[in-house]
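Undergrad: Supplied structure: run25.pdb, PDB, C-alpha atoms.
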```pdb
ATOM      1  CA  GLY M 262    -213.838 101.279-100.518
ATOM      2  CA  MET M 263    -217.249  99.830 -99.801
ATOM      3  CA  ILE M 264    -217.767  96.109 -99.138
ATOM      4  CA  LEU M 265    -220.954  94.830-100.754
ATOM      5  CA  GLY M 266    -222.969  91.838 -99.606
ATOM      6  CA  GLU M 267    -222.581  88.394-101.155
ATOM      7  CA  VAL M 268    -223.731  88.001-104.759
ATOM      8  CA  GLU M 269    -227.461  87.273-104.983
ATOM      9  CA  PHE M 270    -228.658  84.983-107.775
ATOM     10  CA  THR M 271    -232.006  85.276-109.549
ATOM     11  CA  ALA M 272    -233.457  82.854-112.102
ATOM     12  CA  HIS M 273    -236.325  83.503-114.480
ATOM     13  CA  LYS M 274    -239.204  81.158-115.293
ATOM     14  CA  GLY M 275    -241.404  81.272-118.348
ATOM     15  CA  ALA M 276    -245.201  81.001-118.430
ATOM     16  CA  ASN M 277    -244.930  77.188-118.432
ATOM     17  CA  GLY M 278    -242.891  77.227-115.221
ATOM     18  CA  GLU M 279    -239.592  76.175-116.813
ATOM     19  CA  TYR M 280    -236.352  78.070-116.300
ATOM     20  CA  ILE M 281    -235.377  80.487-119.065
ATOM     21  CA  SER M 282    -232.261  82.592-119.538
ATOM     22  CA  SER M 283    -232.355  86.110-118.116
ATOM     23  CA  ASN M 284    -232.126  87.632-121.612
ATOM     24  CA  GLN M 285    -235.336  85.790-122.578
ATOM     25  CA  ALA M 286    -237.364  87.100-119.651
ATOM     26  CA  GLY M 287    -240.538  88.952-120.631
ATOM     27  CA  GLN M 288    -243.810  90.322-119.333
ATOM     28  CA  TYR M 289    -245.187  86.961-118.200
ATOM     29  CA  SER M 290    -242.033  85.517-116.698
ATOM     30  CA  THR M 291    -241.450  85.215-112.971
ATOM     31  CA  THR M 292    -238.296  85.330-110.854
ATOM     32  CA  GLU M 293    -236.924  83.006-108.217
ATOM     33  CA  LYS M 294    -233.982  83.438-105.849
ATOM     34  CA  LEU M 295    -231.328  80.707-106.046
ATOM     35  CA  ALA M 296    -228.855  79.399-103.516
ATOM     36  CA  PRO M 297    -225.157  79.857-104.472
ATOM     37  CA  GLU M 298    -224.692  76.084-104.686
ATOM     38  CA  ASP M 299    -227.284  75.934-107.501
ATOM     39  CA  VAL M 300    -225.233  78.276-109.687
ATOM     40  CA  GLU M 301    -221.826  78.131-111.357
ATOM     41  CA  LYS M 302    -219.630  80.717-113.030
ATOM     42  CA  LYS M 303    -219.411  80.582-116.818
ATOM     43  CA  GLY M 304    -217.482  83.207-118.748
ATOM     44  CA  ASP M 305    -218.453  86.627-117.446
ATOM     45  CA  GLY M 306    -221.815  85.443-116.101
ATOM     46  CA  TYR M 307    -223.603  82.668-114.222
ATOM     47  CA  VAL M 308    -225.628  79.618-115.269
ATOM     48  CA  LEU M 309    -227.761  76.972-113.612
ATOM     49  CA  LYS M 310    -225.727  73.944-112.559
ATOM     50  CA  SER M 311    -228.614  71.658-113.475
ATOM     51  CA  SER M 312    -229.091  73.337-116.863
ATOM     52  CA  PRO M 313    -225.899  75.107-118.042
ATOM     53  CA  LEU M 314    -227.665  76.671-121.030
ATOM     54  CA  VAL M 315    -229.843  78.761-118.708
ATOM     55  CA  ARG M 316    -228.181  82.026-117.694
ATOM     56  CA  VAL M 317    -229.101  83.592-114.364
ATOM     57  CA  ASP M 318    -228.663  87.079-112.942
ATOM     58  CA  GLY M 319    -225.972  87.623-110.328
ATOM     59  CA  ARG M 320    -225.622  90.924-108.518
ATOM     60  CA  ALA M 321    -224.140  92.221-105.279
ATOM     61  CA  PHE M 322    -225.943  94.933-103.303
ATOM     62  CA  LYS M 323    -224.943  97.320-100.565
ATOM     63  CA  MET M 324    -225.333  95.630 -97.181
ATOM     64  CA  SER M 325    -228.574  96.586 -95.458
ATOM     65  CA  LYS M 326    -230.932  95.093 -92.883
ATOM     66  CA  SER M 327    -233.822  95.406 -95.297
ATOM     67  CA  ARG M 328    -232.119  93.119 -97.834
ATOM     68  CA  GLY M 329    -230.981  90.743 -95.136
ATOM     69  CA  ASN M 330    -227.454  90.604 -96.551
ATOM     70  CA  VAL M 331    -225.548  92.108 -93.630
ATOM     71  CA  VAL M 332    -222.482  90.120 -92.516
ATOM     72  CA  ASN M 333    -221.980  90.355 -88.753
ATOM     73  CA  PRO M 334    -218.220  90.523 -87.982
ATOM     74  CA  ASP M 335    -218.842  88.871 -84.603
ATOM     75  CA  ASP M 336    -220.176  85.775 -86.337
ATOM     76  CA  VAL M 337    -217.118  85.605 -88.596
ATOM     77  CA  VAL M 338    -214.775  86.000 -85.611
ATOM     78  CA  ASP M 339    -216.630  83.282 -83.686
ATOM     79  CA  GLU M 340    -216.254  80.813 -86.560
ATOM     80  CA  TYR M 341    -212.880  81.702 -88.081
ATOM     81  CA  GLY M 342    -211.076  83.951 -85.583
ATOM     82  CA  ALA M 343    -210.195  87.659 -85.601
ATOM     83  CA  ASP M 344    -207.004  87.131 -87.612
ATOM     84  CA  SER M 345    -208.901  85.422 -90.429
ATOM     85  CA  LEU M 346    -211.399  88.293 -90.649
ATOM     86  CA  ARG M 347    -208.640  90.906 -90.624
ATOM     87  CA  LEU M 348    -206.579  88.990 -93.180
ATOM     88  CA  TYR M 349    -209.523  88.483 -95.538
ATOM     89  CA  GLU M 350    -210.474  92.162 -95.526
ATOM     90  CA  MET M 351    -206.868  93.023 -96.433
ATOM     91  CA  PHE M 352    -206.791  90.276 -99.073
ATOM     92  CA  MET M 353    -209.950  91.391-100.876
ATOM     93  CA  GLY M 354    -208.126  93.959-103.010
ATOM     94  CA  PRO M 355    -207.005  97.596-103.070
ATOM     95  CA  LEU M 356    -208.407  99.656-100.193
ATOM     96  CA  THR M 357    -210.063 102.180-102.506
ATOM     97  CA  ASP M 358    -211.967  99.570-104.567
ATOM     98  CA  THR M 359    -215.552  98.465-104.041
ATOM     99  CA  LYS M 360    -215.433  94.763-103.197
ATOM    100  CA  VAL M 361    -217.912  91.906-102.883
ATOM    101  CA  TRP M 362    -217.964  89.860 -99.681
ATOM    102  CA  GLN M 363    -217.471  86.112-100.110
ATOM    103  CA  THR M 364    -217.498  83.883 -97.058
ATOM    104  CA  ARG M 365    -215.556  81.282 -99.062
ATOM    105  CA  GLY M 366    -212.747  83.834 -99.206
ATOM    106  CA  VAL M 367    -212.564  83.860 -95.405
ATOM    107  CA  GLU M 368    -212.289  80.080 -95.513
ATOM    108  CA  GLY M 369    -209.369  80.425 -97.933
ATOM    109  CA  VAL M 370    -207.255  82.702 -95.734
ATOM    110  CA  HIS M 371    -208.239  80.633 -92.702
ATOM    111  CA  ARG M 372    -206.721  77.569 -94.422
ATOM    112  CA  PHE M 373    -203.525  79.575 -95.052
ATOM    113  CA  LEU M 374    -203.253  80.408 -91.346
ATOM    114  CA  ALA M 375    -203.945  76.759 -90.480
ATOM    115  CA  ARG M 376    -201.118  75.622 -92.807
ATOM    116  CA  SER M 377    -198.817  78.171 -91.173
ATOM    117  CA  TRP M 378    -199.737  76.770 -87.766
ATOM    118  CA  ARG M 379    -199.024  73.199 -88.859
ATOM    119  CA  VAL M 380    -195.590  74.193 -90.202
ATOM    120  CA  MET M 381    -194.789  75.954 -86.923
ATOM    121  CA  GLN M 382    -196.026  73.066 -84.758
ATOM    122  CA  SER M 383    -194.120  70.439 -86.743
ATOM    123  CA  SER M 384    -190.932  72.502 -86.581
ATOM    124  CA  ILE M 385    -191.158  73.110 -82.828
ATOM    125  CA  GLU M 386    -191.691  69.402 -82.210
ATOM    126  CA  ASN M 387    -188.580  68.575 -84.286
ATOM    127  CA  GLU M 388    -185.656  70.169 -82.468
ATOM    128  CA  GLU M 389    -183.112  68.983 -85.040
ATOM    129  CA  ALA M 390    -184.984  70.667 -87.902
ATOM    130  CA  LEU M 391    -185.597  73.803 -85.825
ATOM    131  CA  ARG M 392    -181.897  74.253 -84.976
ATOM    132  CA  ALA M 393    -180.636  73.386 -88.452
ATOM    133  CA  GLU M 394    -178.880  75.933 -90.640
ATOM    134  CA  PRO M 395    -181.187  77.211 -93.413
ATOM    135  CA  SER M 396    -180.493  75.910 -96.904
ATOM    136  CA  MET M 397    -179.705  78.271 -99.757
ATOM    137  CA  GLU M 398    -183.167  77.573-101.203
ATOM    138  CA  GLN M 399    -184.789  78.569 -97.922
ATOM    139  CA  LEU M 400    -182.730  81.737 -97.556
ATOM    140  CA  LYS M 401    -183.465  82.799-101.120
ATOM    141  CA  LEU M 402    -187.207  82.356-100.763
ATOM    142  CA  LEU M 403    -187.214  84.023 -97.339
ATOM    143  CA  HIS M 404    -185.483  87.152 -98.620
ATOM    144  CA  GLN M 405    -187.578  87.243-101.774
ATOM    145  CA  THR M 406    -190.616  87.172 -99.479
ATOM    146  CA  ILE M 407    -189.162  89.897 -97.232
ATOM    147  CA  LYS M 408    -188.650  92.121-100.265
ATOM    148  CA  LYS M 409    -192.127  91.512-101.710
ATOM    149  CA  VAL M 410    -193.985  91.902 -98.406
ATOM    150  CA  THR M 411    -192.021  95.030 -97.463
ATOM    151  CA  GLN M 412    -192.660  96.762-100.780
ATOM    152  CA  ALA M 413    -196.315  95.720-100.959
ATOM    153  CA  THR M 414    -196.980  96.811 -97.358
ATOM    154  CA  GLU M 415    -195.383 100.213 -97.907
ATOM    155  CA  ASP M 416    -197.515 100.657-101.042
ATOM    156  CA  MET M 417    -200.625  99.450 -99.148
ATOM    157  CA  ARG M 418    -201.039  96.574-101.617
ATOM    158  CA  PHE M 419    -201.916  94.238 -98.784
ATOM    159  CA  ASN M 420    -203.416  91.540-101.006
ATOM    160  CA  THR M 421    -200.084  91.250-102.845
ATOM    161  CA  ALA M 422    -198.174  90.917 -99.564
ATOM    162  CA  ILE M 423    -200.513  88.172 -98.361
ATOM    163  CA  SER M 424    -200.130  86.297-101.665
ATOM    164  CA  SER M 425    -196.344  86.341-101.192
ATOM    165  CA  MET M 426    -196.671  84.895 -97.696
ATOM    166  CA  MET M 427    -198.994  82.202 -99.025
ATOM    167  CA  GLU M 428    -196.341  81.222-101.583
ATOM    168  CA  PHE M 429    -193.767  81.064 -98.782
ATOM    169  CA  ILE M 430    -195.956  78.753 -96.671
ATOM    170  CA  ASN M 431    -196.561  76.473 -99.660
ATOM    171  CA  SER M 432    -192.791  75.938 -99.889
ATOM    172  CA  ALA M 433    -192.434  75.697 -96.102
ATOM    173  CA  THR M 434    -195.053  72.928 -96.107
ATOM    174  CA  LYS M 435    -192.941  71.042 -98.664
ATOM    175  CA  TRP M 436    -189.785  71.507 -96.580
ATOM    176  CA  THR M 437    -191.651  70.246 -93.508
ATOM    177  CA  SER M 438    -192.797  67.092 -95.291
ATOM    178  CA  GLU M 439    -189.211  66.464 -96.456
ATOM    179  CA  SER M 440    -187.246  67.175 -93.268
ATOM    180  CA  GLY M 441    -189.815  67.397 -90.494
ATOM    181  CA  GLY M 442    -189.667  71.147 -90.012
ATOM    182  CA  VAL M 443    -188.232  74.551 -90.923
ATOM    183  CA  PRO M 444    -185.230  76.225 -89.222
ATOM    184  CA  LYS M 445    -185.920  78.829 -86.545
ATOM    185  CA  ALA M 446    -183.762  81.305 -88.491
ATOM    186  CA  VAL M 447    -186.390  81.175 -91.261
ATOM    187  CA  LEU M 448    -189.549  80.995 -89.122
ATOM    188  CA  GLU M 449    -188.755  84.013 -86.941
ATOM    189  CA  PRO M 450    -188.561  86.494 -89.846
ATOM    190  CA  PHE M 451    -191.759  85.007 -91.268
ATOM    191  CA  ALA M 452    -193.551  85.601 -87.945
ATOM    192  CA  LEU M 453    -192.473  89.253 -88.097
ATOM    193  CA  LEU M 454    -193.765  89.589 -91.679
ATOM    194  CA  LEU M 455    -197.077  88.048 -90.660
ATOM    195  CA  ALA M 456    -197.522  90.270 -87.579
ATOM    196  CA  PRO M 457    -199.194  93.311 -89.239
ATOM    197  CA  TYR M 458    -201.650  90.992 -90.983
ATOM    198  CA  ALA M 459    -202.448  88.322 -88.393
ATOM    199  CA  PRO M 460    -201.118  89.803 -85.125
ATOM    200  CA  HIS M 461    -202.558  87.259 -82.700
ATOM    201  CA  LEU M 462    -201.190  84.213 -84.510
ATOM    202  CA  ALA M 463    -197.843  85.891 -85.215
ATOM    203  CA  GLU M 464    -197.446  86.706 -81.510
ATOM    204  CA  GLU M 465    -198.200  83.066 -80.686
ATOM    205  CA  PHE M 466    -195.587  81.916 -83.213
ATOM    206  CA  TRP M 467    -193.023  84.268 -81.700
ATOM    207  CA  SER M 468    -193.667  82.863 -78.234
ATOM    208  CA  LEU M 469    -193.554  79.241 -79.398
ATOM    209  CA  LEU M 470    -190.147  79.897 -80.940
ATOM    210  CA  GLY M 471    -188.812  80.645 -77.456
ATOM    211  CA  ASN M 472    -189.030  84.429 -77.324
ATOM    212  CA  GLU M 473    -190.207  85.798 -73.968
ATOM    213  CA  GLU M 474    -190.806  89.392 -75.063
ATOM    214  CA  THR M 475    -193.519  90.537 -77.456
ATOM    215  CA  LEU M 476    -192.578  90.924 -81.117
ATOM    216  CA  THR M 477    -194.264  94.357 -81.204
ATOM    217  CA  TYR M 478    -190.995  96.209 -80.724
ATOM    218  CA  VAL M 479    -188.743  93.858 -82.696
ATOM    219  CA  ALA M 480    -187.172  95.331 -85.834
ATOM    220  CA  TRP M 481    -188.616  94.426 -89.225
ATOM    221  CA  PRO M 482    -186.665  91.598 -90.961
ATOM    222  CA  GLU M 483    -183.543  92.824 -92.725
ATOM    223  CA  LEU M 484    -183.307  92.190 -96.451
ATOM    224  CA  ILE M 485    -179.977  90.730 -97.571
ATOM    225  CA  GLU M 486    -179.669  91.526-101.272
ATOM    226  CA  GLU M 487    -177.105  88.811-102.019
ATOM    227  CA  TYR M 488    -179.807  86.173-101.579
ATOM    228  CA  LEU M 489    -181.835  87.788-104.351
ATOM    229  CA  VAL M 490    -179.172  87.175-106.972
ATOM    230  CA  GLU M 491    -179.933  84.155-109.105
ATOM    231  CA  ASP M 492    -176.875  81.978-109.595
ATOM    232  CA  SER M 493    -178.520  79.544-111.995
ATOM    233  CA  ILE M 494    -181.098  79.666-114.786
ATOM    234  CA  THR M 495    -183.275  77.270-116.732
ATOM    235  CA  MET M 496    -182.598  77.438-120.467
ATOM    236  CA  ALA M 497    -184.582  75.950-123.344
ATOM    237  CA  VAL M 498    -182.726  73.725-125.794
ATOM    238  CA  GLN M 499    -183.941  73.544-129.381
ATOM    239  CA  VAL M 500    -183.100  71.054-132.094
ATOM    240  CA  ASN M 501    -183.744  72.522-135.529
ATOM    241  CA  GLY M 502    -185.809  75.317-134.019
ATOM    242  CA  LYS M 503    -188.103  73.182-131.854
ATOM    243  CA  VAL M 504    -187.786  73.068-128.066
ATOM    244  CA  ARG M 505    -186.877  69.549-126.985
ATOM    245  CA  THR M 506    -185.797  70.001-123.356
ATOM    246  CA  THR M 507    -184.537  72.454-120.746
ATOM    247  CA  ILE M 508    -181.249  72.510-118.862
ATOM    248  CA  GLU M 509    -180.184  74.059-115.564
ATOM    249  CA  LEU M 510    -176.884  75.937-115.699
ATOM    250  CA  PRO M 511    -175.009  78.843-114.042
ATOM    251  CA  VAL M 512    -176.043  82.362-115.059
ATOM    252  CA  ASP M 513    -172.604  83.047-116.588
ATOM    253  CA  ALA M 514    -172.236  79.627-118.257
ATOM    254  CA  LYS M 515    -170.191  79.451-121.452
ATOM    255  CA  GLU M 516    -171.490  77.913-124.663
ATOM    256  CA  SER M 517    -169.289  74.851-124.204
ATOM    257  CA  LEU M 518    -170.986  73.960-120.880
ATOM    258  CA  ALA M 519    -174.451  74.509-122.342
ATOM    259  CA  MET M 520    -173.625  72.178-125.247
ATOM    260  CA  GLU M 521    -172.175  69.564-122.897
ATOM    261  CA  LEU M 522    -175.331  69.528-120.770
ATOM    262  CA  ALA M 523    -177.618  69.512-123.811
ATOM    263  CA  LEU M 524    -175.796  66.626-125.490
ATOM    264  CA  ALA M 525    -176.072  64.584-122.298
ATOM    265  CA  ASP M 526    -179.870  64.848-122.358
ATOM    266  CA  PRO M 527    -181.642  61.806-123.914
ATOM    267  CA  LYS M 528    -184.446  64.059-125.207
ATOM    268  CA  VAL M 529    -181.910  65.930-127.348
ATOM    269  CA  LEU M 530    -179.985  62.846-128.421
ATOM    270  CA  LYS M 531    -183.188  61.264-129.710
ATOM    271  CA  PHE M 532    -183.470  63.939-132.397
ATOM    272  CA  MET M 533    -179.778  63.818-133.304
ATOM    273  CA  ASP M 534    -179.441  60.112-133.935
ATOM    274  CA  GLY M 535    -177.259  59.588-137.011
ATOM    275  CA  LYS M 536    -177.141  63.307-137.817
ATOM    276  CA  GLN M 537    -174.328  65.826-137.752
ATOM    277  CA  ILE M 538    -174.342  69.182-135.972
ATOM    278  CA  ARG M 539    -174.319  71.813-138.705
ATOM    279  CA  LYS M 540    -174.599  74.871-136.489
ATOM    280  CA  GLN M 541    -175.232  75.920-132.916
ATOM    281  CA  ILE M 542    -176.775  79.203-131.828
ATOM    282  CA  TYR M 543    -176.192  80.219-128.227
ATOM    283  CA  ARG M 544    -177.841  83.233-126.642
ATOM    284  CA  PRO M 545    -176.561  83.435-123.049
ATOM    285  CA  GLY M 546    -179.337  83.294-120.488
ATOM    286  CA  LYS M 547    -181.992  82.696-123.157
ATOM    287  CA  ILE M 548    -181.700  79.732-125.518
ATOM    288  CA  LEU M 549    -179.499  77.142-127.217
ATOM    289  CA  ASN M 550    -180.471  76.046-130.707
ATOM    290  CA  ILE M 551    -178.702  73.057-132.278
ATOM    291  CA  VAL M 552    -179.078  72.699-136.018
ATOM    292  CA  VAL M 553    -178.531  69.152-137.308
ATOM    293  CA  GLY M 554    -178.785  67.563-140.735
TER     294      GLY M 554
END
```
Take the structure in the file and give it back as structure tokens.
TA:
Amino acid sequence: GMILGEVEFTAHKGANGEYISSNQAGQYSTTEKLAPEDVEKKGDGYVLKSSPLVRVDGRAFKMSKSRGNVVNPDDVVDEYGADSLRLYEMFMGPLTDTKVWQTRGVEGVHRFLARSWRVMQSSIENEEALRAEPSMEQLKLLHQTIKKVTQATEDMRFNTAISSMMEFINSATKWTSESGGVPKAVLEPFALLLAPYAPHLAEEFWSLLGNEETLTYVAWPELIEEYLVEDSITMAVQVNGKVRTTIELPVDAKESLAMELALADPKVLKFMDGKQIRKQIYRPGKILNIVVG
């Protein structure tokens, strides 16, 4: 699909020189181009930041030298790097759609790559964290990410794949702040997932992790289905039909365990003080409702 230039904003002024909404523009009104920082999104349109009641026109046009809205890829590469440009173009949406260029979007994917770099650097500098065995939480998220990225890449839904990797790095950042780094057994598969999207950075990651050969010919990460099976769920607990708390319990938990956990929760006990349990309704995997009176 075509990539249009950045949205251009136009304000209207009445005969007295004051701004008026675009739907009030008439024969004697004039127009004035606005900078993006003077405008904010409101509903399905745009308004003046300084006067939110004044609506302005916002429209994206095909890139052309005559309009002066051409984005030079070389300039983007110089400022953000080739991987950021490549990643943003893949993140903009389905390949067949017409899309609007937004430099702020490049900044967004650039920040994602920067977070990935910080996770990698912290992990490499912390040998204990790098050599550690992955936790069950880490393995589950890794294989969920492998599944999502694999499916989305095969379907050419590149923006969906990138979103999944962003979610992974958000969690990896949390793990790094907690334990100083992420195990190599988790980072290597991530580098392979990232490679089709940000090949230069992924190759650098692969090298930093101690691999002498290029990752180009390394097999795609293997999905292990057993890590996709949820062994616990979060269930809502109601007292007289109103949700009072949630409990974490095994997927196949019996009613007796659900009741035990619920009755140990102060939020539930508060609404049962001095009352008797008249009935309990247990729907496995969904909800526990305790009727008191």
Undergrad: Residues at most 10 Å from range 333-337 of chain M, counting all atoms listed in the file, excluding those fewer than 3 positions away in the same chain, as a PyMOL selection string?
TA: chain M and resi 330+340-343+345-347+364+367
Undergrad: What's the separation between CA of Met426 in chain M and CA of Glu474 in chain M, in Å to one decimal place?
TA: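 Separation between CA of Met426 in chain M and CA of Glu474 in chain M: 23.8 Å.
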Undergrad: Which residues match the PyMOL selection byres ((chain M and resi 504) around 12) in the file above, as a list in words?
TA: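 When the PyMOL selection byres ((chain M and resi 504) around 12) is applied, the selected residues are Met496, Ala497, Val498, Gln499, Val500, Asn501, Gly502, Lys503, Arg505, Thr506, Thr507, Ile508, Ala523, Lys528, Val529, Phe532, Ile548, Leu549, Asn550, Ile551 and Val552 of chain M.
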Undergrad: To test your reading of the syntax: which residues would the PyMOL selection byres ((chain M and resi 443) around 7) return for the file shown? Reply as a JSON list (two decimals) with C-alpha atoms, in the frame of the given file.
TA:
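Saved as selection_20.json:
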```
[["chain", "number", "residue", "atom", "x", "y", "z"],
["M", 384, "SER", "CA", -190.93, 72.50, -86.58],
["M", 390, "ALA", "CA", -184.98, 70.67, -87.90],
["M", 391, "LEU", "CA", -185.60, 73.80, -85.82],
["M", 433, "ALA", "CA", -192.43, 75.70, -96.10],
["M", 436, "TRP", "CA", -189.78, 71.51, -96.58],
["M", 437, "THR", "CA", -191.65, 70.25, -93.51],
["M", 442, "GLY", "CA", -189.67, 71.15, -90.01],
["M", 444, "PRO", "CA", -185.23, 76.22, -89.22],
["M", 445, "LYS", "CA", -185.92, 78.83, -86.54],
["M", 447, "VAL", "CA", -186.39, 81.18, -91.26],
["M", 448, "LEU", "CA", -189.55, 81.00, -89.12]]
```
Undergrad: Report as a VMD selection string all protein, DNA and RNA residues lying within 12 Å of Asp305 in chain M, evaluated on only C-alpha atoms, omitting residues in the same chain fewer than 5 positions from it.
TA: chain M and resid 316 to 319
Undergrad: Kindly give the distance, in Å, that separates CA of Lys540 in chain M and CA of Ala525 in chain M, rounded to a single decimal.
TA: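 Rounded to one decimal, the two atoms are 17.6 Å apart.
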Undergrad: Just how far from CA of Ile264 in chain M is CA of Thr359 in chain M, in Å to one decimal?
TA: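 Pair CA of Thr359 in chain M / CA of Ile264 in chain M returns 5.9 Å.
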Undergrad: In terms of the shortest atom-to-atom distance over only C-alpha atoms, which of M:Leu309, M:Ala463, M:Val553, M:Leu484 is closest to Phe451 in chain M?
TA: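 For Phe451 in chain M, the nearest of the given residues is M:Ala463.
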Undergrad: Evaluating the PyMOL selection byres ((chain M and resi 511) around 8) on the displayed file yields which residues, as a VMD selection string?
TA: chain M and resid 492 to 494 509 to 510 512 to 514
Undergrad: With C-alpha atoms retained, write the just-selected residues as a CSV table (one decimal), in the coordinates of the input.
TA:
```
chain,number,residue,atom,x,y,z
M,492,ASP,CA,-176.9,82.0,-109.6
M,493,SER,CA,-178.5,79.5,-112.0
M,494,ILE,CA,-181.1,79.7,-114.8
M,509,GLU,CA,-180.2,74.1,-115.6
M,510,LEU,CA,-176.9,75.9,-115.7
M,512,VAL,CA,-176.0,82.4,-115.1
M,513,ASP,CA,-172.6,83.0,-116.6
M,514,ALA,CA,-172.2,79.6,-118.3
```
Undergrad: Counting all atoms listed in the file, figure out which residue out of M:Val315, M:Ala296, M:Leu265, M:Leu402 gets nearest to Lys360 in chain M.
TA: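 When distances to Lys360 in chain M are compared using all atoms listed in the file, the smallest one comes from M:Leu265.
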Undergrad: Would you please work out which residue, of M:Ala422, M:Glu267, M:Glu483, M:Met520, is nearest to Gly329 in chain M when using all atoms listed in the file?
TA: M:Glu267
Undergrad: Excluding Leu348 in chain M and any residue of its chain fewer than 4 positions from it, enumerate the residues within 10 Å of it, using all atoms listed in the file, and give them as a list in words.
TA: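 Within the cut-off, the hits are Ala343, Asp344, Phe352, Met353, Val367, Val370, His371, Leu374, Phe419, Asn420, Ile423, Leu455, Pro457, Tyr458, Ala459 and Pro460 of chain M.
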